[in-house]
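Colleague: Here it is: the structure, laid out below.
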Amino acid sequence: MSTTHTPPKISTSVLVIGGCGFLGHHIVSQLLEPSTAQISVLDLRTTKNRLQGATYYDADITSPDTVRDVLQKVKPQIIIHTASPTQVQEGAQTAAQKKKARQMYYKVNVEGTRNLIEQAGEIGCVKAFVFTSSASVIHDTVSDLINADERWPVLRAPLQREYYSETKGIAEEIVLAANRKYADMLTIALRPAGIFGEGDMQFTPNLLQALAKGQTKFQLGENENLFDCTEREGKEKGQ
């Protein structure tokens, strides 16, 4: 028997960081449907995926002044942080491209997240800070992960081979260390894996591209390896 998930009604101010991105704008849509909450979005550019009923602010999350200005206007009780550069496989990059990508990963994922946490803590009205981390923070890209959970250690180089994942791990540690550090602000990090769904411009298109090129006509091992994916609707609802 199917059941319908009905999110609880929210009567508060919610700020979605990165709310014009793939995951972020779906979260905004879910928040708008059932609630009377004040829904606001902070993103570097807010020209796409805009939804009626939300208020949008263009801002750089690495800038203390602009973030502080938005927080003072919105006065959020809940912040949902989904902003992050798109991960690109380093093996497909030149040395210059790899360097530029690494600088962007660190600036946004680490410095941006640290700035958001500090500004959220100092403004004093934020009660909950939700960070979108990644399941890859515990993966070395080689070993099997069987029944992995939160007790597994976050990897750092040289064990962590993907710099994107390393910056996500650093950001996660910043977020969790801030739990109850600023008055009553609670923090949490969620670790989705391979998010896909409506509006996905990375995971699903890459699969279809591989199919079109005939790159799926081979098999490694016994074809029993499992990969954990997260459908975007489940991620929005915390499932």
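Going by the structure tokens order, chains are called A, B, ..., each with residues numbered from 1, while ligands are numbered from 1 in the order shown.
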So which residues touch region 180-183 of chain A within 10 Å, counting only C-alpha atoms, skipping near sequence neighbours fewer than 3 positions away, as a PyMOL selection string?

Modeller: chain A and resi 117-118+120-128+176-177+186-187

Colleague: Any chance you can output those residues with C-alpha atoms as a PDB file, in the first residue's frame?

Modeller:
ATOM      1  CA  ILE A 117      28.757  28.960   9.759  1.00  0.00           C
ATOM      2  CA  GLU A 118      30.464  31.966  11.344  1.00  0.00           C
ATOM      3  CA  ALA A 120      25.000  32.216  10.974  1.00  0.00           C
ATOM      4  CA  GLY A 121      26.373  31.779  14.467  1.00  0.00           C
ATOM      5  CA  GLU A 122      27.030  35.453  15.018  1.00  0.00           C
ATOM      6  CA  ILE A 123      23.631  36.697  13.868  1.00  0.00           C
ATOM      7  CA  GLY A 124      22.039  34.698  16.681  1.00  0.00           C
ATOM      8  CA  CYS A 125      18.679  33.732  15.142  1.00  0.00           C
ATOM      9  CA  VAL A 126      19.681  30.498  13.381  1.00  0.00           C
ATOM     10  CA  LYS A 127      18.475  27.384  15.195  1.00  0.00           C
ATOM     11  CA  ALA A 128      19.421  24.726  12.623  1.00  0.00           C
ATOM     12  CA  LEU A 176      29.770  19.520  12.966  1.00  0.00           C
ATOM     13  CA  ALA A 177      32.300  21.305  15.189  1.00  0.00           C
ATOM     14  CA  LEU A 186      22.313  22.885  15.927  1.00  0.00           C
ATOM     15  CA  THR A 187      24.230  21.585  12.910  1.00  0.00           C
TER      16      THR A 187
END

Colleague: Of the residues A:Val28, A:Ala135, A:Ala95, A:Ala171, which is the one nearest to Pro192 (chain A), using only C-alpha atoms?

Modeller: A:Ala135

Colleague: Kindly give the distance, in Å, that separates CA of Val154 (chain A) and CA of Ser134 (chain A), rounded to a single decimal.

Modeller: 10.5 Å

Colleague: Have a look at CA of Ile80 (chain A) and CA of Val16 (chain A) and let me know their distance in Å, one decimal.

Modeller: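 Distance between the two atoms: 4.8 Å.
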
Colleague: Going by DSSP on the backbone, which bits of region 17-154 of chain A are strand (DSSP E)? Write them as a list in words, please.

Modeller: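 The strand (DSSP E) subset of region 17-154 of chain A is Ile17, Gln38, Ile39, Ser40, Val41, Leu42, Asp43, Thr55, Tyr56, Tyr57, Asp58, Ile78, Ile79, Ile80, His81, Ala128, Phe129, Val130, Phe131 and Thr132 of chain A.
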
Colleague: Would you kindly return, as a PyMOL selection string, each protein, DNA or RNA residue with an atom no farther than 7 Å from any atom of Thr82 (chain A), considering only C-alpha atoms and excluding same-chain residues fewer than 3 positions away?

Modeller: chain A and resi 17-18+24+131-132

Colleague: Keeping only N, CA and C atoms, write those residues as a short mmCIF file (atom, residue, chain, number, x, y, z; two decimals), in the first residue's frame.

Modeller:
data_model
loop_
_atom_site.label_atom_id
_atom_site.label_comp_id
_atom_site.auth_asym_id
_atom_site.auth_seq_id
_atom_site.Cartn_x
_atom_site.Cartn_y
_atom_site.Cartn_z
N ILE A 17 20.78 27.94 0.78
CA ILE A 17 22.01 28.36 0.12
C ILE A 17 22.20 27.49 -1.12
N GLY A 18 22.40 28.11 -2.28
CA GLY A 18 22.49 27.33 -3.51
C GLY A 18 21.13 26.90 -4.00
N GLY A 24 19.12 22.23 -4.76
CA GLY A 24 18.58 23.36 -4.01
C GLY A 24 17.21 23.80 -4.45
N PHE A 131 23.88 20.91 6.32
CA PHE A 131 24.93 20.94 5.29
C PHE A 131 24.84 19.71 4.40
N THR A 132 24.90 19.92 3.09
CA THR A 132 24.93 18.81 2.14
C THR A 132 26.37 18.39 1.92
#

Colleague: Which residue, A:Ser13, A:Ala59, A:Gly19, A:Leu116, has the smallest gap to Ser35 (chain A) when you use only C-alpha atoms?

Modeller: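 The answer is A:Ser13, which sits nearest to Ser35 (chain A).
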
Colleague: Please provide the set of residues having any atom within 10 Å of Arg191 (chain A), restricted to only C-alpha atoms, with same-chain residues fewer than 6 positions apart removed, written as a PyMOL selection string.

Modeller: chain A and resi 131-138+149-150+168+172+230+235

Colleague: Looking only at helix (DSSP H, G or I) from DSSP on the backbone, list the matching residues of region 19-231 of chain A as number ranges by chain.

Modeller: A: 22-32, 64-74, 90-92, 95-123, 135-138, 163-177, 203-212

Colleague: Just the number, please: distance in Å from CA of Leu15 (chain A) to CA of Ile79 (chain A), one decimal.

Modeller: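 Separation of CA of Leu15 (chain A) and CA of Ile79 (chain A): 4.9 Å.
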
Colleague: Counting only C-alpha atoms, what is within 12 Å of Leu44 (chain A), bar same-chain residues fewer than 5 positions away, as a VMD selection string?

Modeller: chain A and resid 17 to 21 56 to 63 66 to 67 83 to 85 108 112

Colleague: Could you pull the residues within 10 Å of Ile170 (chain A), counting only C-alpha atoms, minus those fewer than 5 positions along the same chain, as a list of chain:residue names?

Modeller: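 That gives A:Tyr106, A:Asn109, A:Val110, A:Glu111, A:Thr113, A:Arg114, A:Ser133, A:Val137, A:Val154, A:Leu155, A:Arg156, A:Ser165, A:Val175.
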
Colleague: Between A:Gly169, A:Lys217, A:Thr86, A:Asp144, which residue has the minimum interatomic distance to Leu23 (chain A), considering only C-alpha atoms?

Modeller: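 When distances to Leu23 (chain A) are compared using only C-alpha atoms, the smallest one comes from A:Thr86.
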
Colleague: When distances are computed from only C-alpha atoms, which of A:Asn223, A:Gln103, A:Thr47, A:Ser143 shows the smallest separation from Arg161 (chain A)?

Modeller: A:Ser143
